[in-house]
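K.L.:
Structure file input_16.cif, mmCIF, C-alpha atoms, is pasted below:
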```cif
data_work
loop_
_atom_site.label_atom_id
_atom_site.label_comp_id
_atom_site.auth_asym_id
_atom_site.auth_seq_id
_atom_site.Cartn_x
_atom_site.Cartn_y
_atom_site.Cartn_z
CA MET A 73 0.18 -1.44 26.37
CA LYS A 74 -2.96 -2.19 28.40
CA ASN A 75 -3.40 1.53 29.03
CA VAL A 76 -3.27 2.22 25.30
CA MET A 77 -5.84 -0.45 24.54
CA ARG A 78 -8.16 0.83 27.26
CA ASN A 79 -8.05 4.31 25.74
CA LEU A 80 -8.59 2.89 22.28
CA ALA A 81 -11.69 1.15 23.52
CA LYS A 82 -13.02 4.36 25.08
CA ILE A 83 -12.52 6.66 22.12
CA LYS A 84 -13.32 4.34 19.24
CA LYS A 85 -16.96 4.06 20.38
CA LYS A 86 -17.46 7.79 19.87
CA HIS A 87 -16.69 8.02 16.20
CA LYS A 88 -17.89 7.12 12.72
CA LYS A 89 -15.89 6.65 9.58
CA CYS A 90 -15.08 9.42 7.10
CA LYS A 91 -13.36 8.70 3.80
CA ILE A 92 -10.08 10.47 3.06
CA ASP A 93 -9.27 11.48 -0.48
CA ASN A 94 -6.23 9.80 -1.99
CA THR A 95 -3.58 11.80 -3.78
CA SER A 96 -2.25 10.55 -7.11
CA LYS A 97 1.37 9.38 -7.26
CA PRO A 98 2.52 12.15 -9.68
CA MET A 99 0.91 14.73 -7.40
CA ARG A 100 2.68 13.29 -4.35
CA ILE A 101 6.03 13.44 -6.15
CA MET A 102 5.39 17.04 -7.19
CA LEU A 103 4.41 18.00 -3.63
CA LYS A 104 7.58 16.43 -2.22
CA LEU A 105 9.73 18.40 -4.65
CA ILE A 106 7.92 21.61 -3.78
CA ILE A 107 8.27 20.97 -0.04
CA LYS A 108 11.97 20.14 -0.39
CA SER A 109 12.49 23.43 -2.25
CA LEU A 110 10.67 25.31 0.51
CA TYR A 111 13.00 23.87 3.14
CA ILE A 112 16.06 24.79 1.09
CA LEU A 113 14.77 28.36 0.75
CA HIS A 114 13.67 28.49 4.42
CA LEU A 115 10.11 29.33 3.34
CA ASN A 116 8.37 26.29 4.81
CA VAL A 117 7.03 27.97 7.96
CA ILE A 118 5.74 31.00 6.03
CA VAL A 119 3.92 28.73 3.58
CA TYR A 120 2.47 26.75 6.47
CA TYR A 121 0.83 29.83 7.98
CA LEU A 122 -0.53 30.83 4.55
CA LEU A 123 -2.07 27.40 3.93
CA GLU A 124 -3.15 26.54 7.48
CA PRO A 125 -6.63 28.16 7.30
CA PHE A 126 -7.53 25.92 4.35
CA PHE A 127 -6.21 22.61 5.67
CA HIS A 128 -8.67 21.26 8.21
CA LYS A 129 -10.64 18.07 8.06
CA SER A 130 -11.76 16.38 11.25
CA ILE A 131 -12.22 12.67 10.69
CA LYS A 132 -14.43 10.39 12.72
CA TYR A 133 -14.10 6.67 13.17
CA ARG A 134 -16.48 3.79 13.26
CA GLU A 135 -16.33 1.37 16.16
CA ASN A 136 -13.66 -0.98 14.81
CA ASP A 137 -11.38 1.53 13.04
CA MET A 138 -8.79 1.39 15.82
CA ASP A 139 -8.46 -2.37 15.49
CA ASP A 140 -8.40 -2.03 11.70
CA ALA A 141 -5.58 0.51 11.95
CA ARG A 142 -3.49 -1.78 14.13
CA ASN A 143 -4.22 -4.82 11.97
CA LEU A 144 -3.21 -2.92 8.83
CA LEU A 145 0.16 -1.91 10.26
CA GLU A 146 0.72 -5.44 11.58
CA SER A 147 0.03 -6.82 8.10
CA LEU A 148 2.56 -4.42 6.57
CA SER A 149 5.26 -4.98 9.19
CA PRO A 150 4.59 -6.82 12.49
CA ASN A 151 5.34 -5.13 15.79
CA PRO A 152 8.56 -6.65 17.25
CA ASP A 153 7.02 -5.81 20.64
CA ASN A 154 10.28 -5.82 22.62
CA SER A 155 11.10 -3.80 25.70
CA CYS A 156 14.21 -1.79 26.53
CA ILE A 157 14.03 -2.91 30.17
CA ARG A 158 16.58 -5.56 31.13
CA GLU A 159 15.28 -8.67 32.84
CA GLU A 160 18.68 -9.04 34.53
CA GLU A 161 20.86 -6.07 35.43
CA SER A 162 24.15 -5.58 33.62
CA LYS A 163 27.23 -6.44 35.66
CA LEU A 164 29.34 -3.35 36.38
CA MET A 165 33.10 -3.81 36.81
CA ARG A 166 35.20 -0.64 37.10
CA LEU A 167 38.42 -1.98 35.55
CA TYR A 168 38.79 0.67 32.82
CA ASP A 169 38.01 4.32 32.29
CA LEU A 170 36.22 3.74 28.99
CA GLN A 171 34.74 0.73 27.21
CA VAL A 172 34.28 1.08 23.45
CA ILE A 173 31.53 -1.25 22.18
CA VAL A 174 31.86 -2.11 18.47
CA PRO A 175 29.06 -4.15 16.83
CA ALA A 176 30.61 -5.82 13.78
CA TYR A 177 28.63 -7.16 10.83
CA LYS A 178 29.62 -7.30 7.15
CA THR A 179 32.38 -4.73 7.67
CA ALA A 180 35.53 -6.83 7.41
CA ASN A 181 36.95 -4.23 5.02
CA THR A 182 36.66 -1.38 7.57
CA ILE A 183 36.89 -3.07 11.00
CA LYS A 184 40.69 -2.85 11.17
CA GLY A 185 40.70 0.91 10.66
CA CYS A 186 37.92 1.16 13.23
CA ILE A 187 39.78 -0.78 15.95
CA ASP A 188 43.14 0.83 15.20
CA SER A 189 41.61 4.29 15.53
CA VAL A 190 41.07 3.45 19.20
CA LEU A 191 44.33 1.61 19.81
CA ASN A 192 46.35 4.47 18.33
CA GLN A 193 44.87 7.10 20.68
CA HIS A 194 47.44 8.86 22.87
CA THR A 195 45.71 8.89 26.22
CA GLN A 196 46.36 8.72 29.95
CA TYR A 197 43.23 6.61 30.43
CA LYS A 198 42.66 2.86 30.33
CA ILE A 199 40.46 1.91 27.38
CA LEU A 200 38.95 -1.47 26.50
CA ILE A 201 37.58 -2.24 23.03
CA THR A 202 34.76 -4.80 23.00
CA VAL A 203 34.15 -6.07 19.48
CA VAL A 204 30.96 -8.11 19.05
CA ASN A 205 31.14 -10.20 15.89
CA ASP A 206 27.42 -10.48 15.17
CA GLY A 207 27.56 -13.59 13.02
CA SER A 208 29.21 -11.69 10.18
CA PRO A 209 29.22 -13.83 7.00
CA ASP A 210 32.37 -12.24 5.52
CA ASN A 211 35.97 -12.83 6.64
CA MET A 212 35.46 -10.95 9.91
CA ASP A 213 36.85 -13.86 11.94
CA GLU A 214 40.09 -13.75 10.00
CA VAL A 215 40.54 -10.00 10.46
CA LEU A 216 39.73 -10.11 14.18
CA ARG A 217 42.20 -12.93 14.76
CA GLU A 218 44.94 -10.29 14.52
CA TYR A 219 43.71 -8.79 17.81
CA GLU A 220 43.21 -11.98 19.82
CA ASP A 221 46.37 -11.46 21.89
CA ASN A 222 45.86 -7.74 22.42
CA GLU A 223 44.91 -7.19 26.07
CA ARG A 224 43.08 -3.99 25.15
CA VAL A 225 40.73 -5.80 22.74
CA GLU A 226 37.94 -8.14 23.80
CA ILE A 227 36.33 -10.21 21.02
CA ILE A 228 32.88 -11.74 21.46
CA ASN A 229 31.33 -13.99 18.81
CA GLN A 230 27.59 -14.61 18.61
CA GLU A 231 24.88 -15.64 16.15
CA ASN A 232 23.38 -12.71 14.29
CA LYS A 233 21.03 -10.68 16.50
CA GLY A 234 21.14 -7.35 14.72
CA LEU A 235 22.65 -4.05 15.79
CA SER A 236 20.69 -3.85 19.05
CA GLY A 237 21.51 -7.45 19.93
CA ALA A 238 25.21 -6.84 19.34
CA ARG A 239 25.27 -3.67 21.42
CA ASN A 240 23.34 -5.42 24.19
CA ARG A 241 25.85 -8.28 24.27
CA GLY A 242 28.60 -5.74 24.85
CA LEU A 243 26.54 -4.19 27.64
CA ASP A 244 25.91 -7.49 29.47
CA VAL A 245 29.15 -6.96 31.40
CA ILE A 246 30.34 -3.35 31.54
CA LYS A 247 33.97 -3.08 32.61
CA ALA A 248 34.51 0.69 32.68
CA ASP A 249 33.28 3.91 34.25
CA TYR A 250 32.09 5.14 30.85
CA VAL A 251 30.89 3.37 27.70
CA THR A 252 30.73 4.60 24.12
CA PHE A 253 29.46 3.06 20.88
CA LEU A 254 31.57 2.94 17.73
CA ASP A 255 30.06 1.56 14.52
CA SER A 256 32.44 -0.81 12.75
CA ASP A 257 32.63 1.28 9.58
CA ASP A 258 33.42 4.46 11.55
CA GLU A 259 36.50 5.65 13.44
CA PHE A 260 37.60 7.96 16.22
CA LEU A 261 39.61 10.96 15.12
CA PRO A 262 43.26 10.84 16.31
CA ASN A 263 44.03 11.71 19.91
CA THR A 264 40.59 13.03 20.84
CA LEU A 265 39.31 10.51 23.41
CA ASP A 266 41.63 11.88 26.07
CA ALA A 267 39.99 15.32 25.92
CA MET A 268 36.48 13.82 25.94
CA LEU A 269 37.19 11.62 28.95
CA LYS A 270 38.87 14.45 30.82
CA GLN A 271 35.84 16.69 30.35
CA ALA A 272 33.45 13.90 31.36
CA LYS A 273 35.33 13.07 34.54
CA MET A 274 35.90 16.67 35.59
CA ALA A 275 32.18 17.42 35.24
CA ASP A 276 31.10 14.03 36.62
CA ALA A 277 28.83 13.98 33.56
CA ASP A 278 26.30 11.23 32.98
CA LEU A 279 26.63 11.92 29.25
CA ILE A 280 29.00 13.97 27.14
CA GLU A 281 28.35 14.55 23.44
CA GLY A 282 31.08 15.67 21.06
CA GLY A 283 31.24 16.81 17.47
CA TYR A 284 31.74 14.63 14.41
CA ILE A 285 32.94 14.69 10.82
CA MET A 286 30.94 13.05 8.05
CA PHE A 287 32.62 11.70 4.95
CA ASN A 288 31.36 9.95 1.84
CA LYS A 289 34.33 7.79 0.87
CA ALA A 290 37.25 6.36 2.82
CA GLY A 291 40.08 8.89 2.74
CA ASP A 292 38.16 11.41 0.62
CA LYS A 293 38.94 14.52 2.69
CA ARG A 294 37.46 16.85 0.08
CA THR A 295 33.92 15.85 0.99
CA ILE A 296 34.28 16.22 4.74
CA ARG A 297 31.53 18.14 6.50
CA HIS A 298 31.85 19.36 10.07
CA LYS A 299 28.90 18.93 12.38
CA TYR A 300 28.68 20.10 15.95
CA ASN A 301 26.20 19.24 18.64
CA LEU A 302 25.75 22.83 19.74
CA HIS A 303 22.22 23.37 18.45
CA GLY A 304 20.12 24.97 21.13
CA GLY A 305 21.11 22.49 23.81
CA LYS A 306 19.29 19.62 22.10
CA LEU A 307 21.19 16.35 21.85
CA TYR A 308 21.33 14.34 18.66
CA GLY A 309 19.24 11.18 18.67
CA PHE A 310 21.91 8.61 17.86
CA PRO A 311 24.08 6.81 20.47
CA TRP A 312 27.43 7.24 18.75
CA GLY A 313 29.45 10.41 19.27
CA LYS A 314 28.78 10.27 23.01
CA LEU A 315 30.27 8.91 26.22
CA PHE A 316 27.81 7.51 28.76
CA LYS A 317 28.26 6.78 32.43
CA ALA A 318 28.03 2.99 32.70
CA GLN A 319 25.34 3.15 35.37
CA LEU A 320 22.83 4.36 32.75
CA PHE A 321 22.76 0.93 31.12
CA LYS A 322 22.46 -1.12 34.29
CA ASN A 323 18.73 -1.71 33.74
CA ILE A 324 18.41 -0.61 30.11
CA LYS A 325 19.11 -2.30 26.78
CA PHE A 326 18.50 -1.45 23.14
CA PRO A 327 15.08 -2.79 22.06
CA GLU A 328 15.74 -5.69 19.69
CA GLY A 329 14.05 -6.44 16.38
CA PHE A 330 13.27 -2.83 15.48
CA TRP A 331 14.64 -0.44 12.95
CA PHE A 332 15.29 2.97 14.53
CA GLU A 333 16.45 1.41 17.80
CA ASP A 334 18.32 4.66 18.48
CA THR A 335 14.96 6.16 19.49
CA LEU A 336 15.94 4.76 22.90
CA MET A 337 18.22 7.76 23.40
CA ALA A 338 15.61 10.54 23.32
CA PHE A 339 12.81 8.44 24.84
CA VAL A 340 14.61 6.85 27.79
CA ILE A 341 18.35 7.40 28.22
CA TYR A 342 18.30 11.21 28.20
CA SER A 343 15.55 11.22 30.83
CA PHE A 344 17.87 9.44 33.26
CA CYS A 345 20.78 11.82 32.73
CA ARG A 346 21.39 14.06 35.73
CA LYS A 347 24.21 16.06 34.14
CA VAL A 348 24.82 16.43 30.40
CA VAL A 349 27.85 18.12 28.82
CA THR A 350 28.21 19.15 25.20
CA SER A 351 31.74 19.48 23.89
CA ASP A 352 33.18 21.18 20.80
CA VAL A 353 35.78 18.41 20.52
CA LEU A 354 35.51 16.75 17.12
CA PHE A 355 36.19 13.12 17.91
CA TYR A 356 33.90 10.93 15.76
CA HIS A 357 34.53 10.08 12.09
CA TYR A 358 31.18 9.03 10.59
CA ARG A 359 31.06 7.19 7.28
CA LEU A 360 27.96 7.83 5.16
CA ASN A 361 26.60 4.42 4.22
CA PRO A 362 24.60 4.30 0.96
CA ASN A 363 23.28 0.87 2.01
CA GLY A 364 22.27 1.86 5.53
CA ILE A 365 18.74 2.10 6.91
CA THR A 366 18.62 5.87 6.56
CA ALA A 367 19.37 5.66 2.84
CA THR A 368 17.34 2.56 1.95
CA ALA A 369 14.31 2.65 4.25
CA VAL A 370 12.17 4.93 2.10
CA LYS A 371 10.06 2.25 0.42
CA ASN A 372 10.62 -0.66 2.81
CA LYS A 373 7.57 -1.63 4.88
CA LYS A 374 9.87 -2.22 7.86
CA VAL A 375 9.82 1.58 8.17
CA ILE A 376 6.56 1.05 10.11
CA ASP A 377 8.89 0.24 13.03
CA THR A 378 9.20 3.97 13.61
CA TYR A 379 5.64 3.89 14.98
CA TRP A 380 6.00 0.55 16.79
CA ILE A 381 9.12 1.61 18.67
CA THR A 382 7.42 4.85 19.69
CA GLU A 383 4.53 2.89 21.17
CA ASN A 384 6.76 0.37 22.93
CA LEU A 385 9.12 2.94 24.44
CA LEU A 386 6.25 5.04 25.76
CA GLU A 387 5.09 1.99 27.69
CA ASP A 388 8.65 1.45 28.94
CA ARG A 389 8.72 5.05 30.15
CA ARG A 390 5.56 4.38 32.12
CA ARG A 391 7.08 1.25 33.65
CA PHE A 392 10.18 3.22 34.65
CA GLY A 393 7.96 5.82 36.31
CA LEU A 394 9.09 8.63 33.99
CA THR A 395 6.72 11.58 33.71
CA ASN A 396 5.75 13.11 30.38
CA HIS A 397 5.15 16.81 31.08
CA ASP A 398 8.69 17.77 30.06
CA PHE A 399 8.69 15.10 27.36
CA ALA A 400 5.65 16.23 25.34
CA MET A 401 7.63 18.33 22.84
CA THR A 402 10.01 15.43 22.21
CA MET A 403 7.00 13.24 21.51
CA LEU A 404 5.61 15.79 19.03
CA ASP A 405 9.01 15.84 17.27
CA GLN A 406 8.87 12.05 17.08
CA ILE A 407 5.34 12.17 15.62
CA ARG A 408 6.63 14.41 12.83
CA THR A 409 9.55 12.07 12.24
CA ASN A 410 7.25 9.04 12.13
CA TYR A 411 5.02 10.71 9.56
CA LYS A 412 7.93 11.71 7.32
CA ARG A 413 9.46 8.24 7.42
CA ILE A 414 6.22 6.40 6.66
CA ARG A 415 4.97 8.77 3.96
CA GLY A 416 7.71 7.35 1.69
CA LEU A 417 5.62 4.20 1.36
CA ASN A 418 3.01 6.24 -0.54
CA HIS A 419 0.37 4.29 1.37
CA ASP A 420 -2.50 6.57 2.37
CA ASP A 421 -4.17 3.91 4.52
CA ALA A 422 -0.93 3.42 6.47
CA ASP A 423 -0.67 7.19 7.01
CA LYS A 424 -4.23 7.25 8.31
CA ALA A 425 -3.67 4.20 10.52
CA VAL A 426 -0.62 5.77 12.15
CA PHE A 427 -2.61 8.97 12.71
CA ILE A 428 -5.48 7.09 14.38
CA LEU A 429 -3.14 5.14 16.68
CA THR A 430 -1.05 8.22 17.45
CA ILE A 431 -4.19 10.02 18.67
CA ALA A 432 -4.69 7.13 21.10
CA LEU A 433 -1.08 7.36 22.30
CA TRP A 434 -1.48 11.07 22.95
CA LYS A 435 -4.71 10.55 24.88
CA THR A 436 -3.08 7.82 26.95
CA TYR A 437 0.23 9.40 27.88
CA PHE A 438 -0.14 13.15 27.31
CA HIS A 439 -3.79 13.95 28.07
CA ASP A 440 -2.80 16.45 30.78
CA CYS A 441 0.05 18.12 28.84
CA GLN A 442 -0.26 21.53 27.18
CA THR A 443 2.32 22.61 24.61
CA ASN A 444 0.58 25.32 22.53
CA SER A 445 1.68 23.26 19.52
CA PRO A 446 -0.56 23.20 16.42
CA LEU A 447 0.30 19.53 16.10
CA GLN A 448 -1.16 18.79 19.53
CA LYS A 449 -4.29 20.70 18.51
CA ALA A 450 -4.56 18.65 15.31
CA LEU A 451 -4.32 15.39 17.26
CA GLU A 452 -6.89 16.46 19.83
CA ASN A 453 -9.29 17.60 17.09
CA ASN A 454 -8.77 14.43 15.00
CA ASP A 455 -7.74 16.84 12.23
CA PHE A 456 -5.97 14.68 9.65
CA LYS A 457 -5.40 17.39 7.04
CA ALA A 458 -3.87 19.79 9.56
CA TYR A 459 -1.71 16.95 10.93
CA ARG A 460 -0.33 16.25 7.46
CA LEU A 461 0.34 19.91 6.72
CA ILE A 462 2.06 20.50 10.05
CA CYS A 463 4.25 17.42 9.71
CA GLU A 464 5.25 18.42 6.19
CA LEU A 465 6.02 22.08 6.80
CA THR A 466 6.99 22.71 10.43
#
```
As structure tokens - that is how I would like this structure written.
P.N.:
Amino acid sequence: MKNVMRNLAKIKKKHKKCKIDNTSKPMRIMLKLIIKSLYILHLNVIVYYLLEPFFHKSIKYRENDMDDARNLLESLSPNPDNSCIREEESKLMRLYDLQVIVPAYKTANTIKGCIDSVLNQHTQYKILITVVNDGSPDNMDEVLREYEDNERVEIINQENKGLSGARNRGLDVIKADYVTFLDSDDEFLPNTLDAMLKQAKMADADLIEGGYIMFNKAGDKRTIRHKYNLHGGKLYGFPWGKLFKAQLFKNIKFPEGFWFEDTLMAFVIYSFCRKVVTSDVLFYHYRLNPNGITATAVKNKKVIDTYWITENLLEDRRRFGLTNHDFAMTMLDQIRTNYKRIRGLNHDDADKAVFILTIALWKTYFHDCQTNSPLQKALENNDFKAYRLICELT
């Protein structure tokens, strides 16, 4: 963080303020509908190249704009400012082949199906299910009592610490060669873990990612959609649907207090993976949650966390000694994601503040990286209009 602030201090002295025109709410809604239609018709990139010559506006900052940008975001949603680096290493005990970590909160109606989907697997491997009851206010205790005498189920109760806190509790003592994360409203498809573990062990993989099925309602097979991870060799950003070698989490935890804690995967975990395997085995049954963060975050100021976690994890990468030359494109993808998440607030000053601080992040961590990306060019030229257009259309 000190490096970021030093760079902020250097560059903020060079600039003066330039006002950015606001866009009316009806216009923003119309633009979003147009852009969504362009994506559906696969015309977004063509339109970008047609509009690009007309969308340039370099903005300059006065001396205290950097501080103003940070203060604005802090006032909207404070930075949780937590690291992913463990103060004490996780204990590793190789008693099982796979440990399934299940954070449980307000899912008493689905937790039984979740646990049973693991217990009912036909497998040659030893599997432990670690259920972390994260202070759930429903009748979770009553449901979990059914599994108290099952030697394959470990139940941990704690005060509510959020999804990251629950996962981290399960990672405090890792009792298997591999770990996987199963959300308590999801399930594993029948008799699929055996194939995943076999592939992981044969390849000595640090990470293996499988396919998954999404469904809207419990048991509604008509709305199932198949999704595979085979998309140009790029891994999905979430932790579920994967098996990880336990060693990966010896010094790493999920950063607590943030939304979008799964950013840890692309920013840190994948960088430590020596060997990654993608599998066409469909093994994860993912339940679409209309009340989840993805569905409800659009107008919640907590969405600012998408920038905060980016900033915090970049500093963690530096502390781990990870280099950024091969990571620059991932960072540019994250910048686009941050913009698209925060634009839902319809807060032009927040958009501008994130842009200003993102420029500082790029100067701090990626000043010697070249990607030939128009987004990198927009950041280096302080070109706010081009930045917006690129994030919208590419």
K.L.:
Going by the chain IDs and residue numbers used in this file, which residues fall under the PyMOL selection byres ((chain A and resi 377) around 8)? Write them as number ranges by chain.
P.N.:
A: 149, 151, 330-332, 374-376, 378-381
K.L.:
So which residues touch Ile407 (chain A) within 9 Å, counting only C-alpha atoms, skipping near sequence neighbours fewer than 5 positions away, as a VMD selection string?
P.N.:
chain A and resid 379 382 402 412 430 447 463
K.L.:
How would you write, as a VMD selection string, the residues chosen by the PyMOL selection byres ((chain A and resi 269-277) around 12) on this structure?
P.N.:
chain A and resid 168 to 171 195 to 199 248 to 252 263 to 268 278 to 282 314 to 320 344 to 353 355
K.L.:
Calculate how many Å separate CA of Met401 (chain A) from CA of Thr443 (chain A), rounding to one decimal.
P.N.:
7.0 Å
K.L.:
Could you tell me which of A:Ile173, A:Lys457, A:Ala238, A:Ile428 comes closest to Leu144 (chain A) if we count all atoms listed in the file?
P.N.:
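Of the candidates, the smallest distance to Leu144 (chain A) is held by A:Ile428.
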K.L.:
Hey, what's within 12 Å of Phe392 (chain A) if we count only C-alpha atoms and toss same-chain stuff fewer than 6 positions away? As a list in words, please?
P.N.:
Ser155, Cys156, Ile157, Arg158, Asn323, Ile324, Phe339, Val340, Ile341, Ser343, Phe344, Leu385 and Leu386 of chain A
K.L.:
Excluding Tyr177 (chain A) and any residue of its chain fewer than 4 positions from it, enumerate the residues within 12 Å of it, using only C-alpha atoms, and give them as an MDAnalysis selection string.
P.N.:
chainID A and resid 181:183 203:213 216 229:239 255:257
K.L.:
Ranking A:Asp405, A:Glu464, A:Asp398, A:Glu333 by minimum distance to Asp440 (chain A) and counting all atoms listed in the file, which one comes first?
P.N.:
A:Asp398
K.L.:
Could you spell out the hits of the PyMOL selection byres ((chain A and resi 187) around 12) on the shown file, as a PDB file with C-alpha atoms, in the coordinates of the input?
P.N.:
```pdb
ATOM      1  CA  VAL A 172      34.280   1.080  23.450  1.00  0.00           C
ATOM      2  CA  ILE A 173      31.530  -1.250  22.180  1.00  0.00           C
ATOM      3  CA  VAL A 174      31.860  -2.110  18.470  1.00  0.00           C
ATOM      4  CA  PRO A 175      29.060  -4.150  16.830  1.00  0.00           C
ATOM      5  CA  ALA A 176      30.610  -5.820  13.780  1.00  0.00           C
ATOM      6  CA  THR A 179      32.380  -4.730   7.670  1.00  0.00           C
ATOM      7  CA  ALA A 180      35.530  -6.830   7.410  1.00  0.00           C
ATOM      8  CA  ASN A 181      36.950  -4.230   5.020  1.00  0.00           C
ATOM      9  CA  THR A 182      36.660  -1.380   7.570  1.00  0.00           C
ATOM     10  CA  ILE A 183      36.890  -3.070  11.000  1.00  0.00           C
ATOM     11  CA  LYS A 184      40.690  -2.850  11.170  1.00  0.00           C
ATOM     12  CA  GLY A 185      40.700   0.910  10.660  1.00  0.00           C
ATOM     13  CA  CYS A 186      37.920   1.160  13.230  1.00  0.00           C
ATOM     14  CA  ASP A 188      43.140   0.830  15.200  1.00  0.00           C
ATOM     15  CA  SER A 189      41.610   4.290  15.530  1.00  0.00           C
ATOM     16  CA  VAL A 190      41.070   3.450  19.200  1.00  0.00           C
ATOM     17  CA  LEU A 191      44.330   1.610  19.810  1.00  0.00           C
ATOM     18  CA  ASN A 192      46.350   4.470  18.330  1.00  0.00           C
ATOM     19  CA  GLN A 193      44.870   7.100  20.680  1.00  0.00           C
ATOM     20  CA  ILE A 199      40.460   1.910  27.380  1.00  0.00           C
ATOM     21  CA  LEU A 200      38.950  -1.470  26.500  1.00  0.00           C
ATOM     22  CA  ILE A 201      37.580  -2.240  23.030  1.00  0.00           C
ATOM     23  CA  THR A 202      34.760  -4.800  23.000  1.00  0.00           C
ATOM     24  CA  VAL A 203      34.150  -6.070  19.480  1.00  0.00           C
ATOM     25  CA  VAL A 204      30.960  -8.110  19.050  1.00  0.00           C
ATOM     26  CA  VAL A 215      40.540 -10.000  10.460  1.00  0.00           C
ATOM     27  CA  LEU A 216      39.730 -10.110  14.180  1.00  0.00           C
ATOM     28  CA  GLU A 218      44.940 -10.290  14.520  1.00  0.00           C
ATOM     29  CA  TYR A 219      43.710  -8.790  17.810  1.00  0.00           C
ATOM     30  CA  ASN A 222      45.860  -7.740  22.420  1.00  0.00           C
ATOM     31  CA  ARG A 224      43.080  -3.990  25.150  1.00  0.00           C
ATOM     32  CA  VAL A 225      40.730  -5.800  22.740  1.00  0.00           C
ATOM     33  CA  GLU A 226      37.940  -8.140  23.800  1.00  0.00           C
ATOM     34  CA  ILE A 227      36.330 -10.210  21.020  1.00  0.00           C
ATOM     35  CA  LEU A 254      31.570   2.940  17.730  1.00  0.00           C
ATOM     36  CA  ASP A 255      30.060   1.560  14.520  1.00  0.00           C
ATOM     37  CA  SER A 256      32.440  -0.810  12.750  1.00  0.00           C
ATOM     38  CA  ASP A 257      32.630   1.280   9.580  1.00  0.00           C
ATOM     39  CA  ASP A 258      33.420   4.460  11.550  1.00  0.00           C
ATOM     40  CA  GLU A 259      36.500   5.650  13.440  1.00  0.00           C
ATOM     41  CA  PHE A 260      37.600   7.960  16.220  1.00  0.00           C
ATOM     42  CA  LEU A 261      39.610  10.960  15.120  1.00  0.00           C
TER      43      LEU A 261
END
```
K.L.:
A:Trp434, A:Leu429, A:Ala422, A:Ser445: which is nearest Leu145 (chain A), counting all atoms listed in the file?
P.N.:
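Under the stated criterion, the closest residue is A:Ala422.
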K.L.:
What's the separation between CA of His419 (chain A) and CA of Arg142 (chain A), in Å to one decimal place?
P.N.:
14.6 Å
K.L.:
Here is a test: counting all atoms listed in the file, which residue of A:Gly416, A:Pro446, A:Gly313, A:Pro150 is nearest to Leu404 (chain A)?
P.N.:
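Checking each of A:Gly416, A:Pro446, A:Gly313, A:Pro150 against Leu404 (chain A), counting all atoms listed in the file, the winner is A:Pro446.
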K.L.:
Ranking A:Asn136, A:Thr395, A:Asn410, A:Ser162 by minimum distance to Leu243 (chain A) and counting all atoms listed in the file, which one comes first?
P.N.:
A:Ser162
K.L.:
Please compute the CA of Asn454 (chain A)-CA of Asp334 (chain A) distance, one decimal, in Å.
P.N.:
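CA of Asn454 (chain A) sits 29.0 Å away from CA of Asp334 (chain A).
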K.L.:
Quick one: of A:Phe321, A:Tyr284, A:Gly329, A:Met138, who's nearest to Asn154 (chain A), counting all atoms listed in the file?
P.N.:
A:Gly329
K.L.:
Build an axis-aligned box that encloses every atom of region 250-260 of chain A listed in the file, pad it by 3 Å on each side, and report its centre and edge lengths in Å to one decimal, as JSON.
P.N.:
```
{"center_x": 33.5, "center_y": 3.6, "center_z": 20.2, "size_x": 14.1, "size_y": 14.8, "size_z": 27.3}
```
